[in-house]
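Structure record follows, encoded as structure tokens.
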Amino acid sequence: MFVRNRTEHKATLTRGHVSDTLSVATVVVVSTYRIDERGALHVDSNRKAAPTDAPTTEHYALWHEVSVTASGMVYGPARPPFVVAVSLRVGDVLRRVAVFGDRRWERAFGGDLVPSDPAPFDALPLAFDRAYGGKFDMPPGPDPLTGFPHPGGTMAFAKNPEGRGFYLDAASAEDGLLPNIELPEKLVQKWDDRPEPAGFAPCPELVALRMTDDFLLRMTGLRPESPPPEWTPATFAPHMPVVAMRAIHHAPGRLIFPTVPAGTRIELTGLGRKPLRFDVPGPPAKVVTASSNAPNAPTGSPLRSELRSIHIDADERHVLFAHGYTMTYRRDFAPEWLLVLPSPTPS
């Protein structure tokens, strides 16, 4: 099976096996656009990849739902309070984070730890290493939460081990940093609060962050506070394929959508120098099968396309879309060619 790409977008073929006789093939097409100030999209296939881009999905023959992510710098205000509201709207769904200048835990009158005022800042990256999380070294002895003996060692916050704000006790928290990025509705109030790490950046390594409470409730019918006896392997067994498909995403769980149809308005404010807005375009290509006798002549109907991911580079005003074009076929009757042909796109 070969691919002939007649578009200006990147196209990659990946294959897998469904059974002994049935296989699956997917052509992943990545299209890149520059967003102008009016919200129009212009193809920019020469853009160089950035370290903060979303990871490729081209190694996965199967995919489910849509990851939406954004990266860039948050620019600080000229005067106090040194906090910026960042919002990402996808259709009717609004997601928000608050970005603070550096804060530390200070002793207040009476002895309690309180956050200091945010420090001035020029620019901060919207990255999960500045969201809640982190790790600390715990000495051997009683566990501070359970009271049971503990051998000691490095203790990491499972949802974001490289973040900041996770401390063993009040003594180690004093003068320690708070997270720069938080959910406005779940701001840290006490040193031992354990909020959900906040952000819009790609985070492929943070699998636990994708297993949100609403997702687990939808899959199992159980709430997180359900008694432990109800959480058994049998609870998850019927849903493992869906759970596994969600795990390979790169967006935080709050930014994984069942679908994002063409025409959906996306708006991003507080990230980058200026607000961004655009409408999601339709698929950038159509993919059809062909034979070796006439490799440029389609022999079947176009493969069904599915949007896999949207990533916004707010600093450079670019947006990247990944679409998958999937087909199943008998292993002894595979198509010889897959043609990737242009379809109407923003210009």
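Identifiers in this document derive from the order of the structure tokens: chains are assigned A, B, ..., residues are numbered from 1 separately in each chain, and ligands are numbered from 1 in order of occurrence.
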
When DSSP is applied to the backbone of this structure, which of region 11-150 of chain A are assigned strand (DSSP E or B)? Write them out as a count of residues only.
70

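Omitting Val114 (chain A) and its sequence neighbours fewer than 2 positions away, and counting only C-alpha atoms, the residues within 12 Å are Arg103, Arg104, Trp105, Glu106, Arg107, Ala108, Phe109, Gly110, Gly111, Asp112, Ser116, Asp117, Ala170, Ala173, Glu174, Asp175, Gly176, Leu177, Leu178, Val188, Gln189, Lys190, Trp191 and Asp192 of chain A.
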
Can you write just those residues out, N, CA, C and O atoms, as an mmCIF file, in the first residue's frame?
```
data_model
loop_
_atom_site.group_PDB
_atom_site.id
_atom_site.type_symbol
_atom_site.label_atom_id
_atom_site.label_comp_id
_atom_site.auth_asym_id
_atom_site.auth_seq_id
_atom_site.Cartn_x
_atom_site.Cartn_y
_atom_site.Cartn_z
ATOM 1 N N ARG A 103 4.153 33.880 43.555
ATOM 2 C CA ARG A 103 3.669 34.069 44.916
ATOM 3 C C ARG A 103 4.322 33.029 45.818
ATOM 4 O O ARG A 103 4.673 31.937 45.365
ATOM 5 N N ARG A 104 4.462 33.387 47.089
ATOM 6 C CA ARG A 104 5.025 32.459 48.064
ATOM 7 C C ARG A 104 4.142 32.407 49.303
ATOM 8 O O ARG A 104 3.395 33.338 49.587
ATOM 9 N N TRP A 105 4.255 31.285 50.032
ATOM 10 C CA TRP A 105 3.522 31.144 51.282
ATOM 11 C C TRP A 105 4.237 31.935 52.373
ATOM 12 O O TRP A 105 5.419 31.735 52.622
ATOM 13 N N GLU A 106 3.484 32.836 53.023
ATOM 14 C CA GLU A 106 4.036 33.684 54.078
ATOM 15 C C GLU A 106 3.258 33.467 55.379
ATOM 16 O O GLU A 106 2.074 33.127 55.358
ATOM 17 N N ARG A 107 3.946 33.712 56.510
ATOM 18 C CA ARG A 107 3.291 33.620 57.808
ATOM 19 C C ARG A 107 2.486 34.887 58.063
ATOM 20 O O ARG A 107 2.999 35.999 58.015
ATOM 21 N N ALA A 108 1.202 34.717 58.296
ATOM 22 C CA ALA A 108 0.345 35.853 58.624
ATOM 23 C C ALA A 108 0.310 36.051 60.128
ATOM 24 O O ALA A 108 0.772 35.199 60.901
ATOM 25 N N PHE A 109 -0.228 37.177 60.543
ATOM 26 C CA PHE A 109 -0.420 37.413 61.981
ATOM 27 C C PHE A 109 -1.362 36.336 62.507
ATOM 28 O O PHE A 109 -2.468 36.160 62.010
ATOM 29 N N GLY A 110 -0.932 35.604 63.471
ATOM 30 C CA GLY A 110 -1.717 34.494 63.985
ATOM 31 C C GLY A 110 -1.105 33.151 63.619
ATOM 32 O O GLY A 110 -1.493 32.124 64.162
ATOM 33 N N GLY A 111 -0.153 33.147 62.675
ATOM 34 C CA GLY A 111 0.613 31.939 62.389
ATOM 35 C C GLY A 111 0.211 31.152 61.175
ATOM 36 O O GLY A 111 0.918 30.229 60.773
ATOM 37 N N ASP A 112 -0.931 31.474 60.547
ATOM 38 C CA ASP A 112 -1.346 30.724 59.367
ATOM 39 C C ASP A 112 -0.514 31.126 58.149
ATOM 40 O O ASP A 112 -0.028 32.261 58.045
ATOM 41 N N SER A 116 1.388 35.293 49.280
ATOM 42 C CA SER A 116 1.827 36.672 49.096
ATOM 43 C C SER A 116 1.127 37.267 47.885
ATOM 44 O O SER A 116 0.492 36.554 47.093
ATOM 45 N N ASP A 117 1.231 38.589 47.724
ATOM 46 C CA ASP A 117 0.693 39.223 46.528
ATOM 47 C C ASP A 117 1.500 38.774 45.310
ATOM 48 O O ASP A 117 2.706 38.535 45.411
ATOM 49 N N ALA A 170 3.455 22.172 56.533
ATOM 50 C CA ALA A 170 3.458 23.633 56.546
ATOM 51 C C ALA A 170 4.873 24.185 56.634
ATOM 52 O O ALA A 170 5.184 25.228 56.029
ATOM 53 N N ALA A 173 6.343 24.156 53.292
ATOM 54 C CA ALA A 173 5.625 25.045 52.380
ATOM 55 C C ALA A 173 6.007 26.500 52.596
ATOM 56 O O ALA A 173 5.956 27.314 51.646
ATOM 57 N N GLU A 174 6.391 26.873 53.817
ATOM 58 C CA GLU A 174 6.699 28.278 54.106
ATOM 59 C C GLU A 174 7.796 28.796 53.187
ATOM 60 O O GLU A 174 8.850 28.170 53.034
ATOM 61 N N ASP A 175 7.539 29.914 52.560
ATOM 62 C CA ASP A 175 8.408 30.560 51.571
ATOM 63 C C ASP A 175 8.480 29.771 50.262
ATOM 64 O O ASP A 175 9.240 30.121 49.359
ATOM 65 N N GLY A 176 7.690 28.710 50.151
ATOM 66 C CA GLY A 176 7.645 27.944 48.900
ATOM 67 C C GLY A 176 6.712 28.592 47.889
ATOM 68 O O GLY A 176 5.789 29.337 48.237
ATOM 69 N N LEU A 177 6.931 28.291 46.618
ATOM 70 C CA LEU A 177 6.141 28.879 45.546
ATOM 71 C C LEU A 177 4.755 28.258 45.452
ATOM 72 O O LEU A 177 4.585 27.055 45.669
ATOM 73 N N LEU A 178 3.784 29.065 45.112
ATOM 74 C CA LEU A 178 2.461 28.601 44.711
ATOM 75 C C LEU A 178 2.463 28.413 43.205
ATOM 76 O O LEU A 178 3.342 28.913 42.503
ATOM 77 N N VAL A 188 -6.086 28.041 44.991
ATOM 78 C CA VAL A 188 -5.453 27.531 46.203
ATOM 79 C C VAL A 188 -5.680 28.514 47.346
ATOM 80 O O VAL A 188 -5.383 29.709 47.224
ATOM 81 N N GLN A 189 -6.204 28.033 48.459
ATOM 82 C CA GLN A 189 -6.453 28.852 49.641
ATOM 83 C C GLN A 189 -5.545 28.477 50.806
ATOM 84 O O GLN A 189 -5.173 29.333 51.609
ATOM 85 N N LYS A 190 -5.204 27.166 50.901
ATOM 86 C CA LYS A 190 -4.367 26.676 51.994
ATOM 87 C C LYS A 190 -3.211 25.871 51.414
ATOM 88 O O LYS A 190 -3.304 25.326 50.310
ATOM 89 N N TRP A 191 -2.137 25.765 52.171
ATOM 90 C CA TRP A 191 -0.943 25.106 51.650
ATOM 91 C C TRP A 191 -1.190 23.644 51.298
ATOM 92 O O TRP A 191 -0.518 23.082 50.426
ATOM 93 N N ASP A 192 -2.174 23.008 51.964
ATOM 94 C CA ASP A 192 -2.436 21.591 51.704
ATOM 95 C C ASP A 192 -3.643 21.365 50.789
ATOM 96 O O ASP A 192 -4.146 20.250 50.697
#
```

Residue neighbourhood Val30 (chain A), 10 Å, only C-alpha atoms, exclusion window fewer than 6 positions, as a list of chain:residue names:
A:Glu8, A:His9, A:Lys10, A:Ala11, A:Thr12, A:Ser45, A:Thr56, A:Thr57, A:Glu58, A:Pro284, A:Ala285, A:Arg308, A:Ser309, A:Ile310, A:Leu320, A:Phe321, A:Ala322, A:His323, A:Gly324

Restricted to N, CA, C and O atoms, what would the selected residues look like written as a PDB file, in the first residue's frame?
```
ATOM      1  N   GLU A   8      -0.742  20.212  -0.445  1.00  0.00           N
ATOM      2  CA  GLU A   8       0.395  20.885   0.167  1.00  0.00           C
ATOM      3  C   GLU A   8       0.510  20.575   1.654  1.00  0.00           C
ATOM      4  O   GLU A   8       1.364  21.149   2.356  1.00  0.00           O
ATOM      5  N   HIS A   9      -0.327  19.683   2.161  1.00  0.00           N
ATOM      6  CA  HIS A   9      -0.301  19.321   3.568  1.00  0.00           C
ATOM      7  C   HIS A   9       0.506  18.039   3.771  1.00  0.00           C
ATOM      8  O   HIS A   9       0.699  17.251   2.841  1.00  0.00           O
ATOM      9  N   LYS A  10       0.952  17.818   4.995  1.00  0.00           N
ATOM     10  CA  LYS A  10       1.690  16.605   5.324  1.00  0.00           C
ATOM     11  C   LYS A  10       0.720  15.442   5.473  1.00  0.00           C
ATOM     12  O   LYS A  10      -0.291  15.535   6.169  1.00  0.00           O
ATOM     13  N   ALA A  11       1.017  14.326   4.825  1.00  0.00           N
ATOM     14  CA  ALA A  11       0.162  13.134   4.895  1.00  0.00           C
ATOM     15  C   ALA A  11       1.023  11.924   5.251  1.00  0.00           C
ATOM     16  O   ALA A  11       2.075  11.699   4.630  1.00  0.00           O
ATOM     17  N   THR A  12       0.583  11.148   6.240  1.00  0.00           N
ATOM     18  CA  THR A  12       1.341   9.994   6.717  1.00  0.00           C
ATOM     19  C   THR A  12       0.409   8.789   6.834  1.00  0.00           C
ATOM     20  O   THR A  12      -0.701   8.907   7.370  1.00  0.00           O
ATOM     21  N   SER A  45       2.089  25.999   4.887  1.00  0.00           N
ATOM     22  CA  SER A  45       2.717  24.680   4.985  1.00  0.00           C
ATOM     23  C   SER A  45       4.214  24.758   5.271  1.00  0.00           C
ATOM     24  O   SER A  45       4.846  23.734   5.562  1.00  0.00           O
ATOM     25  N   THR A  56       2.537  14.533  17.430  1.00  0.00           N
ATOM     26  CA  THR A  56       1.866  13.958  16.268  1.00  0.00           C
ATOM     27  C   THR A  56       0.951  12.811  16.676  1.00  0.00           C
ATOM     28  O   THR A  56       1.183  12.135  17.679  1.00  0.00           O
ATOM     29  N   THR A  57      -0.104  12.620  15.902  1.00  0.00           N
ATOM     30  CA  THR A  57      -0.989  11.464  16.123  1.00  0.00           C
ATOM     31  C   THR A  57      -0.822  10.439  15.007  1.00  0.00           C
ATOM     32  O   THR A  57      -1.589   9.485  14.922  1.00  0.00           O
ATOM     33  N   GLU A  58       0.193  10.633  14.158  1.00  0.00           N
ATOM     34  CA  GLU A  58       0.295   9.824  12.936  1.00  0.00           C
ATOM     35  C   GLU A  58       0.678   8.376  13.209  1.00  0.00           C
ATOM     36  O   GLU A  58       0.634   7.547  12.300  1.00  0.00           O
ATOM     37  N   PRO A 284      -9.147  19.165   5.098  1.00  0.00           N
ATOM     38  CA  PRO A 284      -8.294  19.806   4.097  1.00  0.00           C
ATOM     39  C   PRO A 284      -8.045  18.957   2.856  1.00  0.00           C
ATOM     40  O   PRO A 284      -7.419  19.426   1.905  1.00  0.00           O
ATOM     41  N   ALA A 285      -8.495  17.712   2.867  1.00  0.00           N
ATOM     42  CA  ALA A 285      -8.207  16.808   1.751  1.00  0.00           C
ATOM     43  C   ALA A 285      -9.304  15.756   1.662  1.00  0.00           C
ATOM     44  O   ALA A 285     -10.157  15.638   2.551  1.00  0.00           O
ATOM     45  N   ARG A 308      -8.906  14.963  14.628  1.00  0.00           N
ATOM     46  CA  ARG A 308      -8.256  14.379  15.795  1.00  0.00           C
ATOM     47  C   ARG A 308      -7.783  15.438  16.797  1.00  0.00           C
ATOM     48  O   ARG A 308      -7.884  15.236  18.002  1.00  0.00           O
ATOM     49  N   SER A 309      -7.224  16.521  16.290  1.00  0.00           N
ATOM     50  CA  SER A 309      -6.670  17.504  17.211  1.00  0.00           C
ATOM     51  C   SER A 309      -6.633  18.882  16.582  1.00  0.00           C
ATOM     52  O   SER A 309      -6.573  19.032  15.351  1.00  0.00           O
ATOM     53  N   ILE A 310      -6.674  19.886  17.459  1.00  0.00           N
ATOM     54  CA  ILE A 310      -6.499  21.284  17.097  1.00  0.00           C
ATOM     55  C   ILE A 310      -5.468  21.851  18.065  1.00  0.00           C
ATOM     56  O   ILE A 310      -5.612  21.717  19.283  1.00  0.00           O
ATOM     57  N   LEU A 320      -2.939  24.381  13.981  1.00  0.00           N
ATOM     58  CA  LEU A 320      -2.654  23.114  13.319  1.00  0.00           C
ATOM     59  C   LEU A 320      -3.821  22.165  13.554  1.00  0.00           C
ATOM     60  O   LEU A 320      -4.287  22.012  14.691  1.00  0.00           O
ATOM     61  N   PHE A 321      -4.258  21.539  12.466  1.00  0.00           N
ATOM     62  CA  PHE A 321      -5.330  20.541  12.539  1.00  0.00           C
ATOM     63  C   PHE A 321      -4.777  19.187  12.096  1.00  0.00           C
ATOM     64  O   PHE A 321      -4.012  19.110  11.128  1.00  0.00           O
ATOM     65  N   ALA A 322      -5.162  18.128  12.791  1.00  0.00           N
ATOM     66  CA  ALA A 322      -4.836  16.763  12.368  1.00  0.00           C
ATOM     67  C   ALA A 322      -6.139  16.033  12.080  1.00  0.00           C
ATOM     68  O   ALA A 322      -7.023  15.959  12.938  1.00  0.00           O
ATOM     69  N   HIS A 323      -6.269  15.533  10.852  1.00  0.00           N
ATOM     70  CA  HIS A 323      -7.423  14.735  10.445  1.00  0.00           C
ATOM     71  C   HIS A 323      -6.965  13.316  10.135  1.00  0.00           C
ATOM     72  O   HIS A 323      -5.902  13.118   9.522  1.00  0.00           O
ATOM     73  N   GLY A 324      -7.766  12.347  10.514  1.00  0.00           N
ATOM     74  CA  GLY A 324      -7.500  10.963  10.164  1.00  0.00           C
ATOM     75  C   GLY A 324      -8.520  10.459   9.152  1.00  0.00           C
ATOM     76  O   GLY A 324      -9.723  10.692   9.314  1.00  0.00           O
TER      77      GLY A 324
END
```

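The gap separating CA of Ala98 (chain A) from CA of Glu37 (chain A) is 24.4 Å, in Å to one decimal.
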
Counting only C-alpha atoms, which residue out of A:Gly253, A:Gly272, A:Gly153, A:Pro283 sits closest to His318 (chain A)?
A:Gly272

Top pick for closest residue to Leu183 (chain A), considering A:Arg164, A:Val86, A:Gly152, A:His249 and counting only C-alpha atoms
A:Val86
